[in-house]
Amino acid sequence: MDGQLDGGGQALGFAADVDLDGFPHGPATPALHQPVLALTQAVTPATDPRYLPRLTEALAADTATSYRLTVPGAAHLTFTDAPLYLPPLPSVTGTLGRTGSPRMLAETTLAFLDAVLRQAPGDPAAVLAPHGSLTVHRPDGS
């Protein structure tokens, strides 16, 4: 079941998803039906070769517009609170710094959620693009 139950026992779905450098497990179908923001680190030779194709497949199958933002200087733990308390090890926490990582995460997540949940004026892609390399997956394939 996706989400939680309302007071009448009906399933409530999620209105939007944010994927923090996660590997999509399971089949790409049934497709997601809500906007997704996937924040990722740059793909390197050490990255699981299945990661990017699986993520791309999942986002392309979505029936809502979705976004993949590859954040320069990010490492897997950039998308956690680890940069706040771990030693600055670029291979582990990235190169955005102790405050840069949480600031980037907050700015991108807030911009995305404002756009898709509050229907804030403007294009989410325009707000997200300055933070990295942006790929937009639209349901019509454009």
# chains A, B, ... in the order shown; residues from 1 in each chain; ligands from 1
call {"tool": "closest_atom_pairs", "arguments": {"of": "segment 25-50 of chain A", "to": "segment 122-137 of chain A", "cutoff": "10 Å", "atoms": "only C-alpha atoms", "output": "tab-separated table"}}
result
residue	atom	partner	partner_atom	distance
A:Pro35	CA	A:His137	CA	9.7
A:Val36	CA	A:His137	CA	9.5
A:Leu37	CA	A:Val136	CA	9.5
A:Ala38	CA	A:Thr135	CA	9.7
A:Leu39	CA	A:Leu134	CA	9.5
A:Thr40	CA	A:Gly132	CA	9.7
A:Gln41	CA	A:Gly132	CA	9.7
A:Ala42	CA	A:Ser133	CA	9.3
call {"tool": "residues_around", "arguments": {"residues": "segment 46-51 of chain A", "least_positions_apart": "5", "cutoff": "9 Å", "atoms": "only C-alpha atoms", "output": "list in words"}}
result
Gly22, Phe23, Pro24 and Thr56 of chain A
call {"tool": "write_last_selection", "arguments": {"atoms": "N, CA and C atoms", "output": "mmCIF file, in the first residue's frame"}}
result
data_model
loop_
_atom_site.group_PDB
_atom_site.id
_atom_site.type_symbol
_atom_site.label_atom_id
_atom_site.label_comp_id
_atom_site.auth_asym_id
_atom_site.auth_seq_id
_atom_site.Cartn_x
_atom_site.Cartn_y
_atom_site.Cartn_z
ATOM 1 N N GLY A 22 18.978 7.056 -4.227
ATOM 2 C CA GLY A 22 18.568 5.677 -3.960
ATOM 3 C C GLY A 22 18.458 4.853 -5.220
ATOM 4 N N PHE A 23 18.674 3.562 -5.072
ATOM 5 C CA PHE A 23 18.556 2.615 -6.180
ATOM 6 C C PHE A 23 17.115 2.152 -6.272
ATOM 7 N N PRO A 24 16.482 2.270 -7.442
ATOM 8 C CA PRO A 24 15.098 1.809 -7.569
ATOM 9 C C PRO A 24 15.041 0.282 -7.606
ATOM 10 N N THR A 56 16.606 5.742 -14.700
ATOM 11 C CA THR A 56 16.055 6.341 -15.918
ATOM 12 C C THR A 56 14.784 5.627 -16.343
#
call {"tool": "residues_around", "arguments": {"residues": "Ala74 of chain A", "least_positions_apart": "6", "cutoff": "9 Å", "atoms": "only C-alpha atoms", "output": "list in words"}}
result
Thr40, Gln41, Ala42, Pro90, Ser91, Val92, Thr93, Gly94, Thr95, Leu96 and Ser101 of chain A
call {"tool": "select_by_dssp", "arguments": {"residues": "segment 3-141 of chain A", "states": "alpha helix (DSSP H)", "output": "number ranges by chain"}}
result
A: 51-60, 82-85, 90-93, 97-117, 124-128
call {"tool": "closest_residue", "arguments": {"among": "A:Pro88, A:Pro139, A:Gly97, A:Pro102", "to": "Thr65 of chain A", "atoms": "only C-alpha atoms"}}
result
A:Pro139
call {"tool": "select_by_dssp", "arguments": {"residues": "chain A", "states": "strand (DSSP E)", "output": "PyMOL selection string"}}
result
chain A and resi 4-5+11-12+17-20+36-40+66-70+133-137
call {"tool": "atom_distance", "arguments": {"atom1": "atom CA of Ala106 of chain A", "atom2": "atom CA of Phe79 of chain A"}}
result
10.0 Å
call {"tool": "closest_residue", "arguments": {"among": "A:Asp140, A:Leu20, A:Thr109, A:Gln34", "to": "Ser66 of chain A", "atoms": "only C-alpha atoms"}}
result
A:Gln34
call {"tool": "atom_distance", "arguments": {"atom1": "atom CA of Val116 of chain A", "atom2": "atom CA of Glu57 of chain A"}}
result
21.4 Å
